[in-house]
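One structure is given here, and the rest of the page talks about it.
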Amino acid sequence: MSESFTIAVDGPAAAGKGTISKAVAAHYGFGHLDTGLLYRAVGAKMMEGTAAAEAARNLTPEDLARDDLRGPEVAQAASKVAVIAEVRAALVDFQRAFARRAGGAVLDGRDIGTVICPYAQVKLFVTASAEVRARRRFLELTSAGKVVSLEDVLADVKARDERDMNRAEAPLKPAADAVLIDTSELSIDEALAAALTVIEARRQAVPQS
Ligand code: C5P
């Protein structure tokens with residue numbers, strides 16, 4: 001397949017969109033872009049004193065490869081810089097170019113189906129209850145050796161949801177034509193199977209070369 005085929009995967013923190021996106025990309029041999037990492041890298045730079053818009057305009061591959069982007073403080077900083085219009089604007093071209101790459105692309109984030117790739121052939125909105133998402137993130141963080149409480153992780157998840165859903169610029173919401181996958185009661189395999197069913201149906205419907 002040489003034409004681009006774009007799969008947009010949006011949803012709140014820890015709903016499973018990263019896991020699904022990676023597995024879908026591996027399944028089809030598509031590229032995968034975790035767009036949250038862009039905002040995390042900008043958030044990390046802001047924590048170090050760089051103005052957010054300037055950081056967004058000058059992001060380097062090294063900034064994205066930092067190994068300290070996964071923590072809860074950086075996540076909160078990411079959602080703070082993500083409300084800034086100049087930050088979002090600076091990151092658009094890179095994401096759109098990735099989406100158009102030959103051979104197919106999976107992008108996961110908050111605004112991929114609504115703003116970055118409204119033309120995407122497949123749009124998934126992956127969600128789960130805040131409690132389930134907090135428990136997953138808690139297990140992830142504690143198994144990586146971080147000392148956190150479930151209560152604090154839940155508060156963090158809710159604060160981020162609130163900021164992401166209520167901002168003026170590109171708020172988190174399903175695109176009108178997105179297919180919803182609620183992973184609250186699903187195993188990873190079941191969630192992946194649900195995603196692949198949707199994607200396969202679209203691949204049958206959309207002519208490919
Ligand atoms: O996906 P992840 O949890 O790494 O994203 C971190 C933060 O970056 C989100 O809470 C959100 O505020 C922001 N983000 C965004 N748009 C995207 C991806 C992430 O605003 N496409």
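Just remember, in the structure tokens the first chain shown is A, the second B, etc., residues are 1-based per chain, and ligands are 1-based in the order shown.
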
Exercise. Within 8 Å of range 137-145 of chain A, counting only C-alpha atoms, which residues show up once you throw out same-chain ones fewer than 4 positions away? Write them as a ChimeraX atom specification, please.
Key: /A:14,71,133,149-150,153

Would you save the residues from that selection as a compact mmCIF listing (two decimals), in the first residue's frame, using all heavy atoms?
# COMPACT_ATOMS: atom_id res chain seq x y z
N ALA A 14 -4.77 7.31 30.00
CA ALA A 14 -4.79 5.92 30.51
C ALA A 14 -6.04 5.13 30.13
O ALA A 14 -6.43 4.20 30.82
CB ALA A 14 -4.59 5.90 32.02
N GLY A 71 6.42 10.80 33.82
CA GLY A 71 5.93 11.00 35.19
C GLY A 71 4.70 11.89 35.29
O GLY A 71 4.36 12.60 34.33
N ARG A 133 -9.12 4.02 34.85
CA ARG A 133 -7.92 4.63 34.26
C ARG A 133 -6.89 4.96 35.34
O ARG A 133 -5.70 4.75 35.16
CB ARG A 133 -8.30 5.87 33.46
CG ARG A 133 -9.08 5.49 32.19
CD ARG A 133 -9.35 6.68 31.31
NE ARG A 133 -10.38 7.56 31.81
CZ ARG A 133 -10.23 8.83 32.12
NH1 ARG A 133 -9.06 9.41 31.97
NH2 ARG A 133 -11.23 9.56 32.56
N SER A 149 0.13 7.51 45.48
CA SER A 149 -1.08 6.90 46.05
C SER A 149 -2.16 6.88 44.97
O SER A 149 -2.17 7.74 44.08
CB SER A 149 -1.57 7.70 47.26
OG SER A 149 -2.20 8.89 46.82
N LEU A 150 -3.03 5.87 45.09
CA LEU A 150 -4.11 5.73 44.11
C LEU A 150 -4.99 6.99 44.12
O LEU A 150 -5.42 7.47 43.07
CB LEU A 150 -4.94 4.48 44.43
CG LEU A 150 -6.13 4.19 43.52
CD1 LEU A 150 -5.68 4.06 42.06
CD2 LEU A 150 -6.86 2.92 43.95
N VAL A 153 -3.34 9.71 42.15
CA VAL A 153 -3.37 9.43 40.71
C VAL A 153 -4.77 9.72 40.16
O VAL A 153 -4.92 10.31 39.09
CB VAL A 153 -2.95 7.97 40.41
CG1 VAL A 153 -3.07 7.66 38.93
CG2 VAL A 153 -1.51 7.72 40.86

Practice problem: Counting only C-alpha atoms and all ligand atoms, name the residues that have an atom within 8 Å of an atom of ligand 1; the answer should be given as JSON, numbers by chain. | Solution: {"A": [10, 12, 13, 14, 18, 34, 35, 36, 37, 38, 39, 40, 70, 75, 76, 77, 78, 79, 80, 81, 82, 83, 88, 108, 109, 110, 111, 112, 160, 161, 163, 164, 170, 171, 172]}

Output C-alpha atoms for every residue in that selection, as a PDB file, in the first residue's frame.
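Produced file part_31.pdb, reproduced below:
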ATOM      1  CA  ASP A  10      -8.218   9.870  20.701  1.00  0.00           C
ATOM      2  CA  PRO A  12      -8.486  10.602  27.887  1.00  0.00           C
ATOM      3  CA  ALA A  13      -5.362   9.632  29.846  1.00  0.00           C
ATOM      4  CA  ALA A  14      -4.791   5.922  30.511  1.00  0.00           C
ATOM      5  CA  GLY A  18      -1.385   4.072  23.490  1.00  0.00           C
ATOM      6  CA  ASP A  34       2.236   9.229  20.359  1.00  0.00           C
ATOM      7  CA  THR A  35       1.333  12.915  20.109  1.00  0.00           C
ATOM      8  CA  GLY A  36       1.123  13.237  23.908  1.00  0.00           C
ATOM      9  CA  LEU A  37       4.898  12.950  23.891  1.00  0.00           C
ATOM     10  CA  LEU A  38       5.144  16.251  21.984  1.00  0.00           C
ATOM     11  CA  TYR A  39       3.151  18.043  24.672  1.00  0.00           C
ATOM     12  CA  ARG A  40       5.074  16.254  27.424  1.00  0.00           C
ATOM     13  CA  ARG A  70       6.381   9.729  31.644  1.00  0.00           C
ATOM     14  CA  ALA A  75       1.812  14.986  32.478  1.00  0.00           C
ATOM     15  CA  GLN A  76       0.260  17.901  34.358  1.00  0.00           C
ATOM     16  CA  ALA A  77       2.726  20.354  32.765  1.00  0.00           C
ATOM     17  CA  ALA A  78       1.841  18.885  29.352  1.00  0.00           C
ATOM     18  CA  SER A  79      -1.857  19.500  29.872  1.00  0.00           C
ATOM     19  CA  LYS A  80      -1.093  23.076  30.983  1.00  0.00           C
ATOM     20  CA  VAL A  81       0.974  23.939  27.903  1.00  0.00           C
ATOM     21  CA  ALA A  82      -1.615  22.140  25.748  1.00  0.00           C
ATOM     22  CA  VAL A  83      -4.168  24.908  26.370  1.00  0.00           C
ATOM     23  CA  ARG A  88      -0.737  23.655  19.505  1.00  0.00           C
ATOM     24  CA  ASP A 108      -2.920   8.886  19.228  1.00  0.00           C
ATOM     25  CA  GLY A 109      -3.813  11.968  21.227  1.00  0.00           C
ATOM     26  CA  ARG A 110      -6.745  14.196  22.104  1.00  0.00           C
ATOM     27  CA  ASP A 111      -7.538  16.114  18.898  1.00  0.00           C
ATOM     28  CA  ILE A 112      -6.353  13.854  16.105  1.00  0.00           C
ATOM     29  CA  ARG A 160      -6.232  16.453  33.427  1.00  0.00           C
ATOM     30  CA  ASP A 161      -9.634  15.328  32.057  1.00  0.00           C
ATOM     31  CA  ARG A 163      -8.430  20.717  31.623  1.00  0.00           C
ATOM     32  CA  ASP A 164      -8.336  18.678  28.398  1.00  0.00           C
ATOM     33  CA  ALA A 170      -8.969  21.632  20.405  1.00  0.00           C
ATOM     34  CA  PRO A 171     -10.788  20.251  23.465  1.00  0.00           C
ATOM     35  CA  LEU A 172     -10.863  16.503  24.036  1.00  0.00           C
TER      36      LEU A 172
END

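Distances to Ile84 in chain A were evaluated for A:Ile199, A:Ala105, A:Val42, A:Ala128 using only C-alpha atoms, and the minimum falls at A:Val42.
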
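The environment of Ala178 in chain A within 10 Å, counting only C-alpha atoms and disregarding residues fewer than 4 places along the same chain, consists of Ala8, Val9, Asp10, Gly113, Thr114, Ala120, Val122, Lys123, Leu124, Phe125, Val126, Lys173 and Pro174 of chain A.
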
Dump N, CA and C atoms for the selected residues as a short mmCIF file (atom, residue, chain, number, x, y, z; two decimals), in the first residue's frame?
data_model
loop_
_atom_site.label_atom_id
_atom_site.label_comp_id
_atom_site.auth_asym_id
_atom_site.auth_seq_id
_atom_site.Cartn_x
_atom_site.Cartn_y
_atom_site.Cartn_z
N ALA A 8 -6.81 7.65 13.44
CA ALA A 8 -6.77 8.61 14.54
C ALA A 8 -7.33 7.94 15.78
N VAL A 9 -6.57 7.98 16.87
CA VAL A 9 -7.03 7.36 18.12
C VAL A 9 -7.00 8.43 19.22
N ASP A 10 -8.15 8.85 19.65
CA ASP A 10 -8.22 9.87 20.70
C ASP A 10 -8.84 9.29 21.96
N GLY A 113 -8.63 13.17 15.57
CA GLY A 113 -9.78 13.02 14.68
C GLY A 113 -10.55 14.32 14.46
N THR A 114 -10.42 15.26 15.39
CA THR A 114 -11.20 16.50 15.28
C THR A 114 -10.44 17.62 14.58
N ALA A 120 -9.08 11.55 8.48
CA ALA A 120 -8.58 10.19 8.77
C ALA A 120 -9.60 9.14 8.34
N VAL A 122 -9.95 6.21 9.58
CA VAL A 122 -10.53 5.56 10.77
C VAL A 122 -10.34 6.49 11.95
N LYS A 123 -11.41 6.67 12.72
CA LYS A 123 -11.32 7.46 13.96
C LYS A 123 -11.86 6.63 15.11
N LEU A 124 -11.03 6.43 16.09
CA LEU A 124 -11.46 5.70 17.28
C LEU A 124 -11.43 6.66 18.46
N PHE A 125 -12.39 6.54 19.34
CA PHE A 125 -12.34 7.28 20.61
C PHE A 125 -12.33 6.24 21.71
N VAL A 126 -11.17 6.12 22.36
CA VAL A 126 -10.97 5.07 23.36
C VAL A 126 -11.14 5.69 24.74
N LYS A 173 -12.68 15.64 22.71
CA LYS A 173 -14.05 15.16 22.48
C LYS A 173 -14.02 14.23 21.28
N PRO A 174 -14.98 13.30 21.21
CA PRO A 174 -14.98 12.41 20.05
C PRO A 174 -15.38 13.16 18.79
#

Dump as a Markdown table the rows for residues of range 63-163 of chain A within 9 Å of range 20-32 of chain A: closest atom pair and distance in Å with one decimal, only C-alpha atoms counted, ordered by chain and rising residue number.
| residue | atom | partner | partner_atom | distance |
| --- | --- | --- | --- | --- |
| A:Phe98 | CA | A:Gly31 | CA | 8.1 |
| A:Ala99 | CA | A:Gly31 | CA | 8.6 |
| A:Arg101 | CA | A:Gly31 | CA | 8.0 |
| A:Ala102 | CA | A:Phe30 | CA | 9.0 |
| A:Gly103 | CA | A:Phe30 | CA | 6.2 |
| A:Gly104 | CA | A:Phe30 | CA | 4.8 |
| A:Ala105 | CA | A:Gly31 | CA | 4.7 |
| A:Val106 | CA | A:His32 | CA | 4.8 |
| A:Leu107 | CA | A:His32 | CA | 5.8 |
| A:Asp108 | CA | A:Ser21 | CA | 6.6 |
| A:Val126 | CA | A:Ile20 | CA | 8.9 |

I need the chosen residues saved as a PDB file, in the first residue's frame, with N, CA and C atoms.
ATOM      1  N   PHE A  98       3.392  13.518   9.530  1.00  0.00           N
ATOM      2  CA  PHE A  98       3.507  12.115   9.954  1.00  0.00           C
ATOM      3  C   PHE A  98       2.274  11.331   9.499  1.00  0.00           C
ATOM      4  N   ALA A  99       1.110  11.948   9.656  1.00  0.00           N
ATOM      5  CA  ALA A  99      -0.141  11.268   9.300  1.00  0.00           C
ATOM      6  C   ALA A  99      -0.196  10.894   7.828  1.00  0.00           C
ATOM      7  N   ARG A 101       2.327  10.030   5.954  1.00  0.00           N
ATOM      8  CA  ARG A 101       3.467   9.228   5.491  1.00  0.00           C
ATOM      9  C   ARG A 101       2.979   8.039   4.665  1.00  0.00           C
ATOM     10  N   ALA A 102       3.747   7.720   3.662  1.00  0.00           N
ATOM     11  CA  ALA A 102       3.370   6.604   2.789  1.00  0.00           C
ATOM     12  C   ALA A 102       3.344   5.324   3.615  1.00  0.00           C
ATOM     13  N   GLY A 103       2.377   4.478   3.339  1.00  0.00           N
ATOM     14  CA  GLY A 103       2.355   3.192   4.033  1.00  0.00           C
ATOM     15  C   GLY A 103       1.483   3.158   5.269  1.00  0.00           C
ATOM     16  N   GLY A 104       0.971   4.325   5.701  1.00  0.00           N
ATOM     17  CA  GLY A 104       0.009   4.308   6.789  1.00  0.00           C
ATOM     18  C   GLY A 104       0.544   4.803   8.118  1.00  0.00           C
ATOM     19  N   ALA A 105      -0.345   5.411   8.902  1.00  0.00           N
ATOM     20  CA  ALA A 105       0.069   5.973  10.183  1.00  0.00           C
ATOM     21  C   ALA A 105      -1.051   5.873  11.215  1.00  0.00           C
ATOM     22  N   VAL A 106      -0.647   5.636  12.436  1.00  0.00           N
ATOM     23  CA  VAL A 106      -1.568   5.671  13.571  1.00  0.00           C
ATOM     24  C   VAL A 106      -1.096   6.799  14.480  1.00  0.00           C
ATOM     25  N   LEU A 107      -1.979   7.743  14.776  1.00  0.00           N
ATOM     26  CA  LEU A 107      -1.630   8.833  15.697  1.00  0.00           C
ATOM     27  C   LEU A 107      -2.568   8.764  16.886  1.00  0.00           C
ATOM     28  N   ASP A 108      -2.011   8.825  18.094  1.00  0.00           N
ATOM     29  CA  ASP A 108      -2.920   8.886  19.228  1.00  0.00           C
ATOM     30  C   ASP A 108      -2.733  10.179  19.998  1.00  0.00           C
ATOM     31  N   VAL A 126     -11.168   6.119  22.360  1.00  0.00           N
ATOM     32  CA  VAL A 126     -10.967   5.073  23.360  1.00  0.00           C
ATOM     33  C   VAL A 126     -11.137   5.686  24.741  1.00  0.00           C
TER      34      VAL A 126
END

Quiz item: Which of chain A counts as strand (DSSP E) under DSSP, as an MDAnalysis selection string please?
Solution: chainID A and resid 6:10 31:34 105:109 122:127 179:182

Restricting it to C-alpha atoms, dump the selection as an mmCIF file, in the first residue's frame.
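again12.cif, written as the output of this step:
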data_model
loop_
_atom_site.group_PDB
_atom_site.id
_atom_site.type_symbol
_atom_site.label_atom_id
_atom_site.label_comp_id
_atom_site.auth_asym_id
_atom_site.auth_seq_id
_atom_site.Cartn_x
_atom_site.Cartn_y
_atom_site.Cartn_z
ATOM 1 C CA THR A 6 -4.506 7.408 8.688
ATOM 2 C CA ILE A 7 -5.917 6.004 11.884
ATOM 3 C CA ALA A 8 -6.774 8.611 14.540
ATOM 4 C CA VAL A 9 -7.031 7.362 18.120
ATOM 5 C CA ASP A 10 -8.218 9.870 20.701
ATOM 6 C CA GLY A 31 4.120 4.230 11.695
ATOM 7 C CA HIS A 32 2.925 5.245 15.164
ATOM 8 C CA LEU A 33 3.068 8.717 16.700
ATOM 9 C CA ASP A 34 2.236 9.229 20.359
ATOM 10 C CA ALA A 105 0.069 5.973 10.183
ATOM 11 C CA VAL A 106 -1.568 5.671 13.571
ATOM 12 C CA LEU A 107 -1.630 8.833 15.697
ATOM 13 C CA ASP A 108 -2.920 8.886 19.228
ATOM 14 C CA GLY A 109 -3.813 11.968 21.227
ATOM 15 C CA VAL A 122 -10.526 5.560 10.768
ATOM 16 C CA LYS A 123 -11.319 7.456 13.955
ATOM 17 C CA LEU A 124 -11.464 5.704 17.283
ATOM 18 C CA PHE A 125 -12.341 7.282 20.608
ATOM 19 C CA VAL A 126 -10.967 5.073 23.360
ATOM 20 C CA THR A 127 -12.308 5.714 26.823
ATOM 21 C CA VAL A 179 -16.265 4.908 16.874
ATOM 22 C CA LEU A 180 -16.312 4.694 20.657
ATOM 23 C CA ILE A 181 -14.459 1.875 22.431
ATOM 24 C CA ASP A 182 -14.988 1.729 26.194
#
